[in-house]
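The next block is model13.tsv, given as TSV, C-alpha atoms.
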chain	number	residue	atom	x	y	z
A	110	MET	CA	-11.82	75.33	-106.14
A	111	SER	CA	-8.62	73.43	-105.96
A	112	GLN	CA	-9.20	72.82	-102.35
A	113	ASN	CA	-12.55	71.29	-103.07
A	114	LYS	CA	-11.06	69.05	-105.69
A	115	SER	CA	-8.40	67.90	-103.31
A	116	ASP	CA	-10.99	67.17	-100.65
A	117	ASP	CA	-13.04	65.22	-103.18
A	118	SER	CA	-10.02	63.24	-104.21
A	119	ASP	CA	-9.22	62.50	-100.55
A	120	GLN	CA	-12.74	61.36	-99.95
A	121	ASP	CA	-12.65	59.19	-103.04
A	122	SER	CA	-9.43	57.56	-101.86
A	123	ILE	CA	-10.78	56.97	-98.35
A	124	ALA	CA	-14.02	55.43	-99.55
A	125	PRO	CA	-12.44	52.46	-101.37
A	126	ALA	CA	-10.15	51.84	-98.41
A	127	SER	CA	-13.03	51.70	-95.99
A	128	SER	CA	-14.95	49.40	-98.29
A	129	ASP	CA	-11.96	47.11	-98.58
A	130	ALA	CA	-11.62	47.02	-94.80
A	131	GLY	CA	-15.27	46.16	-94.40
A	132	LEU	CA	-15.00	43.39	-96.96
A	133	ALA	CA	-11.95	41.96	-95.19
A	134	ALA	CA	-13.72	42.10	-91.86
A	135	GLY	CA	-16.73	40.33	-93.35
A	136	GLU	CA	-14.54	37.61	-94.82
A	137	SER	CA	-12.72	37.11	-91.51
A	138	GLY	CA	-16.01	36.90	-89.66
A	139	ALA	CA	-17.30	34.35	-92.15
A	140	SER	CA	-14.11	32.32	-91.85
A	141	GLU	CA	-14.51	32.23	-88.07
A	142	GLN	CA	-18.13	31.12	-88.36
A	143	GLU	CA	-17.43	28.27	-90.81
A	144	PRO	CA	-15.44	26.07	-88.33
A	145	LYS	CA	-18.09	26.62	-85.71
A	146	GLU	CA	-20.83	25.61	-88.14
A	147	LEU	CA	-18.86	22.52	-89.22
A	148	GLU	CA	-18.20	21.62	-85.60
A	149	ASP	CA	-21.88	22.03	-84.70
A	150	LEU	CA	-22.82	19.93	-87.73
A	151	GLY	CA	-20.42	17.17	-86.63
A	152	ARG	CA	-21.91	17.20	-83.16
A	153	ASN	CA	-25.42	16.96	-84.56
A	154	GLU	CA	-24.45	14.03	-86.80
A	155	ALA	CA	-22.67	12.25	-83.94
A	156	SER	CA	-25.62	12.75	-81.63
A	157	ALA	CA	-28.05	11.71	-84.34
A	158	SER	CA	-26.16	8.55	-85.40
A	159	PRO	CA	-26.92	6.44	-82.25
A	160	ASP	CA	-30.58	7.38	-82.54
A	161	ALA	CA	-30.52	6.35	-86.16
A	162	GLU	CA	-28.77	3.01	-85.46
A	163	SER	CA	-30.50	2.05	-82.21
A	164	PRO	CA	-33.75	0.85	-83.82
A	165	LEU	CA	-31.78	-1.45	-86.12
A	166	SER	CA	-29.71	-2.80	-83.21
A	167	VAL	CA	-32.84	-3.44	-81.15
A	168	ARG	CA	-34.51	-5.21	-84.06
A	169	THR	CA	-31.41	-7.35	-84.63
A	170	PHE	CA	-31.22	-8.31	-80.96
A	171	GLU	CA	-34.92	-9.15	-80.89
A	172	SER	CA	-34.62	-11.30	-84.01
A	173	LEU	CA	-31.65	-13.19	-82.52
A	174	SER	CA	-33.55	-13.70	-79.27
A	175	ASP	CA	-36.55	-15.03	-81.16
A	176	ALA	CA	-34.34	-17.40	-83.16
A	177	ALA	CA	-32.68	-18.68	-79.97
A	178	GLY	CA	-36.07	-19.17	-78.36
A	179	HIS	CA	-37.32	-21.15	-81.37
A	180	ALA	CA	-34.15	-23.28	-81.30
A	181	VAL	CA	-34.62	-24.06	-77.60
A	182	ASN	CA	-38.25	-24.94	-78.16
A	183	SER	CA	-37.28	-27.21	-81.05
A	184	ILE	CA	-34.69	-29.00	-78.88
A	185	ASP	CA	-37.23	-29.38	-76.07
A	186	THR	CA	-39.64	-30.88	-78.59
A	187	LEU	CA	-37.04	-33.34	-79.90
A	188	ILE	CA	-35.56	-34.33	-76.48
A	189	ASP	CA	-37.90	-35.04	-73.60
A	190	ASP	CA	-36.75	-34.10	-70.13
A	191	HIS	CA	-35.76	-37.00	-67.87
A	192	GLU	CA	-38.26	-37.91	-65.18
A	193	GLU	CA	-37.88	-40.55	-62.50
A	194	GLU	CA	-39.51	-41.60	-59.24
A	195	VAL	CA	-37.68	-40.91	-56.00
A	196	SER	CA	-38.52	-41.54	-52.38
A	197	GLU	CA	-38.76	-38.47	-50.14
A	198	ASP	CA	-39.95	-38.70	-46.52
A	199	GLY	CA	-41.46	-42.10	-47.19
A	200	LYS	CA	-43.42	-40.84	-50.21
A	201	THR	CA	-42.81	-41.60	-53.87
A	202	VAL	CA	-42.59	-38.44	-55.95
A	203	ARG	CA	-41.61	-37.76	-59.55
A	204	ARG	CA	-38.69	-35.44	-60.25
A	205	GLN	CA	-37.50	-34.02	-63.55
A	206	GLY	CA	-33.93	-33.36	-64.65
A	207	VAL	CA	-30.59	-34.94	-63.74
A	208	TYR	CA	-27.84	-34.03	-61.29
A	209	LEU	CA	-25.00	-32.22	-63.01
A	210	LEU	CA	-21.91	-32.73	-60.81
A	211	PRO	CA	-21.63	-36.55	-60.63
A	212	ASN	CA	-22.67	-36.96	-64.27
A	213	LEU	CA	-19.89	-34.59	-65.33
A	214	PHE	CA	-17.34	-37.01	-63.88
A	215	THR	CA	-19.10	-39.94	-65.56
A	216	THR	CA	-18.96	-38.07	-68.86
A	217	GLY	CA	-15.25	-37.46	-68.29
A	218	ALA	CA	-14.70	-41.21	-67.82
A	219	LEU	CA	-16.66	-41.93	-70.98
A	220	PHE	CA	-14.64	-39.40	-72.96
A	221	CYS	CA	-11.34	-40.85	-71.73
A	222	GLY	CA	-12.40	-44.33	-72.77
A	223	PHE	CA	-13.40	-43.14	-76.22
A	224	TYR	CA	-10.18	-41.18	-76.60
A	225	ALA	CA	-8.19	-44.30	-75.70
A	226	VAL	CA	-9.79	-46.11	-78.64
A	227	VAL	CA	-9.01	-43.22	-80.99
A	228	ALA	CA	-5.38	-43.07	-79.79
A	229	ALA	CA	-4.98	-46.82	-80.32
A	230	MET	CA	-6.34	-46.53	-83.85
A	231	ARG	CA	-3.64	-43.94	-84.52
A	232	GLY	CA	-0.97	-46.23	-83.11
A	233	ASP	CA	-0.35	-44.07	-80.04
A	234	PHE	CA	0.09	-46.82	-77.44
A	235	GLU	CA	1.44	-44.46	-74.80
A	236	THR	CA	-1.51	-42.07	-74.68
A	237	ALA	CA	-4.15	-44.80	-74.99
A	238	PRO	CA	-3.40	-46.62	-71.69
A	239	ILE	CA	-2.96	-43.31	-69.87
A	240	ALA	CA	-6.42	-42.26	-71.05
A	241	ILE	CA	-7.87	-45.48	-69.60
A	242	LEU	CA	-6.18	-44.75	-66.28
A	243	PHE	CA	-7.72	-41.26	-66.27
A	244	ALA	CA	-11.09	-42.87	-66.91
A	245	LEU	CA	-10.48	-45.02	-63.84
A	246	VAL	CA	-9.89	-41.89	-61.74
A	247	PHE	CA	-13.08	-40.22	-63.00
A	248	ASP	CA	-15.06	-43.39	-62.39
A	249	GLY	CA	-13.77	-43.60	-58.84
A	250	LEU	CA	-14.89	-40.04	-58.15
A	251	ASP	CA	-18.39	-39.90	-59.65
A	252	GLY	CA	-20.02	-42.37	-57.28
A	253	ARG	CA	-18.32	-40.99	-54.19
A	254	ILE	CA	-19.23	-37.43	-55.09
A	255	ALA	CA	-22.84	-38.50	-55.66
A	256	ARG	CA	-22.98	-40.06	-52.21
A	257	LEU	CA	-21.21	-37.17	-50.46
A	258	THR	CA	-23.47	-34.55	-52.08
A	259	ASN	CA	-26.62	-36.70	-51.81
A	260	THR	CA	-27.10	-36.59	-55.60
A	261	SER	CA	-27.42	-40.31	-56.31
A	262	SER	CA	-30.08	-41.26	-58.83
A	263	LYS	CA	-31.21	-44.15	-61.03
A	264	PHE	CA	-30.17	-42.21	-64.10
A	265	GLY	CA	-26.67	-41.71	-62.72
A	266	ALA	CA	-26.34	-45.42	-61.93
A	267	GLU	CA	-27.40	-46.48	-65.44
A	268	TYR	CA	-25.23	-43.82	-67.08
A	269	ASP	CA	-22.24	-44.91	-65.00
A	270	SER	CA	-22.80	-48.54	-66.00
A	271	LEU	CA	-22.85	-47.70	-69.71
A	272	ALA	CA	-19.77	-45.50	-69.37
A	273	ASP	CA	-17.98	-48.36	-67.58
A	274	MET	CA	-18.83	-50.65	-70.48
A	275	VAL	CA	-17.09	-48.30	-72.90
A	276	SER	CA	-14.14	-47.24	-70.74
A	277	PHE	CA	-13.37	-50.56	-69.04
A	278	GLY	CA	-14.79	-53.07	-71.49
A	279	VAL	CA	-14.55	-51.91	-75.08
A	280	ALA	CA	-11.58	-49.53	-74.75
A	281	PRO	CA	-9.09	-51.94	-73.08
A	282	ALA	CA	-10.03	-54.74	-75.49
A	283	LEU	CA	-9.59	-52.58	-78.60
A	284	VAL	CA	-6.36	-51.00	-77.34
A	285	THR	CA	-4.90	-54.45	-76.60
A	286	PHE	CA	-6.15	-55.79	-79.93
A	287	SER	CA	-4.62	-52.89	-81.88
A	288	TRP	CA	-1.32	-53.33	-80.05
A	289	ALA	CA	-0.75	-57.11	-79.95
A	290	LEU	CA	-3.81	-59.32	-80.41
A	291	GLY	CA	-4.45	-58.28	-83.99
A	292	ASP	CA	-1.38	-60.21	-85.18
A	293	LEU	CA	-2.76	-63.47	-83.75
A	294	GLY	CA	-5.71	-63.67	-86.12
A	295	LYS	CA	-8.81	-65.41	-84.79
A	296	VAL	CA	-7.18	-66.15	-81.46
A	297	GLY	CA	-6.51	-62.47	-80.93
A	298	TRP	CA	-9.95	-61.12	-81.69
A	299	SER	CA	-11.55	-64.00	-79.77
A	300	ALA	CA	-9.59	-63.04	-76.65
A	301	ALA	CA	-10.59	-59.40	-77.11
A	302	PHE	CA	-14.25	-60.37	-77.53
A	303	ILE	CA	-14.19	-62.54	-74.42
A	304	PHE	CA	-12.92	-59.56	-72.43
A	305	VAL	CA	-15.71	-57.29	-73.74
A	306	ALA	CA	-18.38	-59.93	-73.17
A	307	CYS	CA	-17.25	-60.67	-69.62
A	308	ALA	CA	-17.21	-56.96	-68.78
A	309	ALA	CA	-20.79	-56.68	-70.05
A	310	LEU	CA	-21.88	-59.77	-68.11
A	311	ARG	CA	-20.32	-58.46	-64.92
A	312	LEU	CA	-22.06	-55.10	-65.23
A	313	ALA	CA	-25.39	-56.77	-66.04
A	314	ARG	CA	-25.06	-59.07	-63.04
A	315	PHE	CA	-24.22	-56.14	-60.81
A	316	ASN	CA	-27.28	-54.18	-61.99
A	317	THR	CA	-29.59	-57.09	-61.12
A	318	GLN	CA	-28.05	-57.72	-57.69
A	319	VAL	CA	-28.26	-54.24	-56.24
A	320	GLY	CA	-30.41	-55.38	-53.33
A	321	VAL	CA	-27.89	-58.00	-52.11
A	322	VAL	CA	-24.61	-56.27	-51.39
A	323	ASP	CA	-21.68	-56.45	-49.04
A	324	PRO	CA	-19.93	-53.06	-49.03
A	325	ASN	CA	-16.62	-54.64	-48.03
A	326	TYR	CA	-16.29	-56.95	-51.04
A	327	PHE	CA	-16.63	-57.11	-54.79
A	328	MET	CA	-17.83	-60.39	-56.25
A	329	GLY	CA	-15.46	-60.93	-59.14
A	330	LEU	CA	-12.69	-58.64	-60.32
A	331	ALA	CA	-14.07	-55.13	-60.80
A	332	SER	CA	-14.01	-53.96	-64.42
A	333	PRO	CA	-11.86	-50.87	-63.61
A	334	ALA	CA	-9.21	-53.14	-62.05
A	335	ALA	CA	-9.31	-55.46	-65.07
A	336	ALA	CA	-8.95	-52.50	-67.41
A	337	CYS	CA	-6.01	-51.22	-65.35
A	338	ILE	CA	-4.18	-54.53	-65.80
A	339	MET	CA	-4.57	-54.46	-69.58
A	340	ALA	CA	-3.75	-50.75	-69.89
A	341	CYS	CA	-0.60	-51.03	-67.78
A	342	THR	CA	0.50	-54.09	-69.74
A	343	VAL	CA	0.33	-52.09	-72.97
A	344	TRP	CA	2.07	-49.14	-71.33
A	345	VAL	CA	4.97	-51.23	-69.98
A	346	CYS	CA	5.55	-53.01	-73.28
A	347	GLN	CA	5.40	-49.73	-75.18
A	348	ASP	CA	8.11	-48.32	-72.90
A	349	GLN	CA	10.23	-51.37	-73.68
A	350	GLY	CA	9.81	-50.80	-77.42
A	351	TRP	CA	7.73	-53.94	-77.98
A	352	VAL	CA	5.42	-52.41	-80.56
A	353	GLY	CA	4.64	-53.41	-84.11
A	354	ALA	CA	7.29	-55.57	-85.77
A	355	ALA	CA	9.41	-55.47	-82.60
A	356	LEU	CA	6.70	-57.28	-80.62
A	357	PRO	CA	7.68	-60.94	-80.03
A	358	SER	CA	5.04	-63.47	-81.05
A	359	GLU	CA	5.45	-65.26	-77.73
A	360	LEU	CA	4.60	-62.06	-75.89
A	361	ALA	CA	1.49	-61.58	-78.04
A	362	ALA	CA	0.36	-65.11	-77.18
A	363	GLY	CA	0.98	-64.41	-73.49
A	364	VAL	CA	-1.09	-61.22	-73.71
A	365	ALA	CA	-3.97	-63.18	-75.25
A	366	LEU	CA	-3.83	-65.63	-72.34
A	367	LEU	CA	-3.67	-62.79	-69.80
A	368	THR	CA	-6.66	-61.10	-71.44
A	369	SER	CA	-8.74	-64.28	-71.20
A	370	VAL	CA	-7.77	-64.96	-67.58
A	371	VAL	CA	-8.59	-61.41	-66.49
A	372	ALA	CA	-11.91	-61.64	-68.32
A	373	ILE	CA	-12.84	-64.85	-66.51
A	374	LEU	CA	-11.93	-63.31	-63.15
A	375	MET	CA	-14.51	-60.57	-63.77
A	376	VAL	CA	-17.39	-63.08	-63.82
A	377	ALA	CA	-16.00	-65.65	-61.40
A	378	ASN	CA	-17.35	-65.95	-57.85
A	379	VAL	CA	-14.12	-64.69	-56.37
A	380	PRO	CA	-14.23	-62.15	-53.52
A	381	TYR	CA	-12.18	-58.98	-53.75
A	382	HIS	CA	-11.83	-56.33	-51.08
A	383	SER	CA	-13.55	-53.09	-52.03
A	384	PHE	CA	-11.60	-50.98	-49.50
A	385	LYS	CA	-14.79	-49.12	-48.66
A	386	GLY	CA	-14.38	-49.74	-44.96
A	387	PHE	CA	-11.96	-46.83	-44.73
A	388	ASP	CA	-13.47	-43.74	-43.16
A	389	LEU	CA	-12.30	-40.90	-45.36
A	390	GLN	CA	-13.87	-38.27	-43.10
A	391	GLY	CA	-12.50	-39.52	-39.79
A	392	ARG	CA	-9.09	-39.36	-38.17
A	393	VAL	CA	-6.43	-41.90	-39.11
A	394	PRO	CA	-3.05	-42.76	-37.56
A	395	PHE	CA	-0.11	-40.70	-38.75
A	396	VAL	CA	1.50	-43.78	-40.30
A	397	VAL	CA	-1.35	-43.98	-42.84
A	398	ILE	CA	-0.41	-40.59	-44.29
A	399	PHE	CA	3.22	-41.69	-44.37
A	400	LEU	CA	2.31	-44.86	-46.29
A	401	ILE	CA	0.28	-42.84	-48.79
A	402	VAL	CA	3.23	-40.50	-49.39
A	403	LEU	CA	5.50	-43.53	-49.77
A	404	GLY	CA	3.11	-45.02	-52.29
A	405	PHE	CA	3.13	-41.86	-54.40
A	406	GLY	CA	6.91	-41.86	-54.27
A	407	LEU	CA	7.09	-45.45	-55.51
A	408	VAL	CA	4.69	-44.76	-58.37
A	409	THR	CA	6.76	-41.83	-59.61
A	410	VAL	CA	9.86	-44.05	-59.89
A	411	ASP	CA	8.35	-46.05	-62.77
A	412	PRO	CA	4.59	-45.48	-63.12
A	413	PRO	CA	3.72	-48.21	-65.67
A	414	LYS	CA	5.63	-51.00	-63.92
A	415	ILE	CA	4.52	-50.07	-60.40
A	416	LEU	CA	0.86	-49.74	-61.43
A	417	LEU	CA	0.99	-53.04	-63.32
A	418	LEU	CA	2.54	-54.80	-60.34
A	419	ALA	CA	-0.08	-53.37	-57.97
A	420	SER	CA	-2.91	-54.37	-60.32
A	421	LEU	CA	-1.61	-57.94	-60.66
A	422	ILE	CA	-1.23	-58.27	-56.88
A	423	TYR	CA	-4.84	-57.15	-56.44
A	424	ALA	CA	-6.02	-59.60	-59.11
A	425	VAL	CA	-4.25	-62.49	-57.37
A	426	SER	CA	-5.53	-61.46	-53.93
A	427	GLY	CA	-9.05	-62.63	-54.72
A	428	PRO	CA	-8.26	-66.29	-55.43
A	429	LEU	CA	-5.83	-66.33	-52.48
A	430	GLU	CA	-8.55	-64.97	-50.21
A	431	MET	CA	-10.97	-67.64	-51.42
A	432	ILE	CA	-8.39	-70.38	-50.79
A	433	ARG	CA	-7.51	-69.01	-47.37
A	434	ARG	CA	-11.14	-68.75	-46.26
A	435	PRO	CA	-13.07	-71.58	-47.93
A	436	GLY	CA	-16.79	-71.59	-47.30
A	437	LYS	CA	-16.78	-67.93	-46.19
A	438	THR	CA	-17.49	-66.33	-49.54
A	439	PRO	CA	-19.33	-63.03	-49.04
A	440	PRO	CA	-22.68	-62.45	-50.74
A	441	PRO	CA	-22.50	-61.25	-54.33
A	442	GLY	CA	-22.87	-57.66	-55.33
A	443	SER	CA	-21.31	-54.46	-54.04
A	444	SER	CA	-20.93	-51.23	-55.88
A	445	GLU	CA	-18.03	-50.65	-58.26
A	446	ASN	CA	-17.81	-46.96	-57.46

Structure rendered as structure tokens:
Amino acid sequence: MSQNKSDDSDQDSIAPASSDAGLAAGESGASEQEPKELEDLGRNEASASPDAESPLSVRTFESLSDAAGHAVNSIDTLIDDHEEEVSEDGKTVRRQGVYLLPNLFTTGALFCGFYAVVAAMRGDFETAPIAILFALVFDGLDGRIARLTNTSSKFGAEYDSLADMVSFGVAPALVTFSWALGDLGKVGWSAAFIFVACAALRLARFNTQVGVVDPNYFMGLASPAAACIMACTVWVCQDQGWVGAALPSELAAGVALLTSVVAILMVANVPYHSFKGFDLQGRVPFVVIFLIVLGFGLVTVDPPKILLLASLIYAVSGPLEMIRRPGKTPPPGSSEN
């Protein structure tokens, strides 16, 4: 009997132990399954999130595309495309659009002229003349690039003429007026107006005389050369400190006279070499390259004074040429680019 009791007691003690072991094993198994389930759930959410967001992204992109399309259509409705007649193989055809490359340089010249006016209004008489000189460089490139790339057009010629009016007519006059002519009262603004008016008259005369040209000469001082004279004058005087109250009244009167004389030279029947006879694509003597290098070296010594001196020499060369060769005045016209 005692033996049976002891066996029962042993069995009773073993049974709870085995149940505890089973419970522990179940808990450990469950704890191992929970990370796997969480990991699988994270994967499912990550894989499901792009599918859930992609319809919204597609709808957003489509709505933006539709809005851009409507905006383009609205602009096309407001601004008609340019159309002009051109001659191709002896036939007159109509072409739409404008050439980009030469008009980019024309736009650069226009921007420089406008910026010169803004700089002068701020009293920055060092940046203003430099901006006009940059406009001169852009203006010298647009026509040549148009001819080299065969992209000349009526639109480009008219656009270039209007840009020249701003950069080489209005800008130099306003810069000079803001610097010196404004202190002279009516005399000052009259001189500035004469310069603007003569620049406009020169450009208008050039546009109506396209058919009668001599590529080796300009008739009258070209507006870029006239603008260079006025810009370099302001630049030189600014370097000398002749600005504002430090500007002598005699110098201001001299500038007014110079402005009027340069303006008259633009509309006078005075021949000026255009320097278009040089063949930029052919071979030249070695001494030509040496002279070009020497010229750059001289300009770097004192840019405003050297450029002003060169511009004045060119302005005087026209009357001297007319005196030296009387009765041999070339026909009016010639391109300014």

Legend entry - Proximity to A:Ile373 - best of A:Ala309, A:Ile188, A:Val246, A:Ala272, all atoms listed in the file: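 Closest residue, counting all atoms listed in the file: A:Ala309.
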
Inset, instruction - Find the distance between atom CA of A:Gly249 and atom CA of A:Cys221 and write it in Å to one decimal. - result: 13.4 Å

Legend entry - Sel. within 8 Å of pt (-1.8, -45.6, -73.2), counting only C-alpha atoms, output as a list in words: Ala225, Ala228, Ala229, Asp233, Phe234, Glu235, Thr236, Ala237, Pro238, Ile239, Ala240, Ile241, Ala340, Cys341, Val343 and Trp344 of chain A

Inset, instruction - Pick out the closest residue to A:Trp288 from this set: A:Leu416, A:Leu250, A:Val397, A:Leu360. Count only C-alpha atoms. - result: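 Closest to A:Trp288, using only C-alpha atoms: A:Leu360.
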
Legend entry - Interatomic distance, atom CA of A:Phe327 to atom CA of A:Val379 (Å, one decimal):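 A separation of 8.1 Å between them.
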
Legend entry - atom CA of A:Leu407 to atom CA of A:Trp351, straight-line distance in Å: 24.0 Å

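Of the residues listed (A:Thr169, A:Gly265, A:Pro412, A:Arg204), A:Pro412 shows the shortest atom-to-atom separation from A:Asp348; distances use all atoms listed in the file.
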
Inset, instruction - Could you give me, as an MDAnalysis selection string, the residues that have an atom at most 8 Å away from the point (-12.1, -42.2, -65.2) in the coordinates of the file, using all atoms listed in the file? - result: chainID A and resid 214:215 217:219 221:222 241:250 276

Inset, instruction - Point out the residue among A:Leu210, A:Ala372, A:Met230, A:Ile415 with the least atom-to-atom distance to A:Pro333, counting all atoms listed in the file. - result: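 So, comparing all the options, the nearest one is A:Ala372.
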
With only C-alpha atoms as the counted atoms, please give the residues lying no more than 9 Å from A:Leu209, apart from itself and same-chain residues fewer than 3 positions off, as a short mmCIF file (atom, residue, chain, number, x, y, z; two decimals) with C-alpha atoms, in the frame of the given file.
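Now in around_25.cif:
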data_model
loop_
_atom_site.label_atom_id
_atom_site.label_comp_id
_atom_site.auth_asym_id
_atom_site.auth_seq_id
_atom_site.Cartn_x
_atom_site.Cartn_y
_atom_site.Cartn_z
CA ASN A 212 -22.67 -36.96 -64.27
CA LEU A 213 -19.89 -34.59 -65.33
CA THR A 260 -27.10 -36.59 -55.60
#

Legend entry - From A:Leu187, A:Cys307, A:Val226, A:Leu403, residue lying nearest A:Met375 [only C-alpha atoms]: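 Closest to A:Met375, using only C-alpha atoms: A:Cys307.
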
Inset, instruction - Using all atoms listed in the file, find the one residue out of A:Val207, A:Ala282, A:Asp411, A:Ala424 that sits nearest to A:Glu193. - result: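 Of all the options, A:Val207 lies closest to A:Glu193.
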
Inset, instruction - Within 12 Å of A:Ala313, counting only C-alpha atoms, which residues show up once you throw out same-chain ones fewer than 6 positions away? Write them as a PyMOL selection string, please. - result: chain A and resi 267+270-271+273-274+306-307+319+332+375-376+442
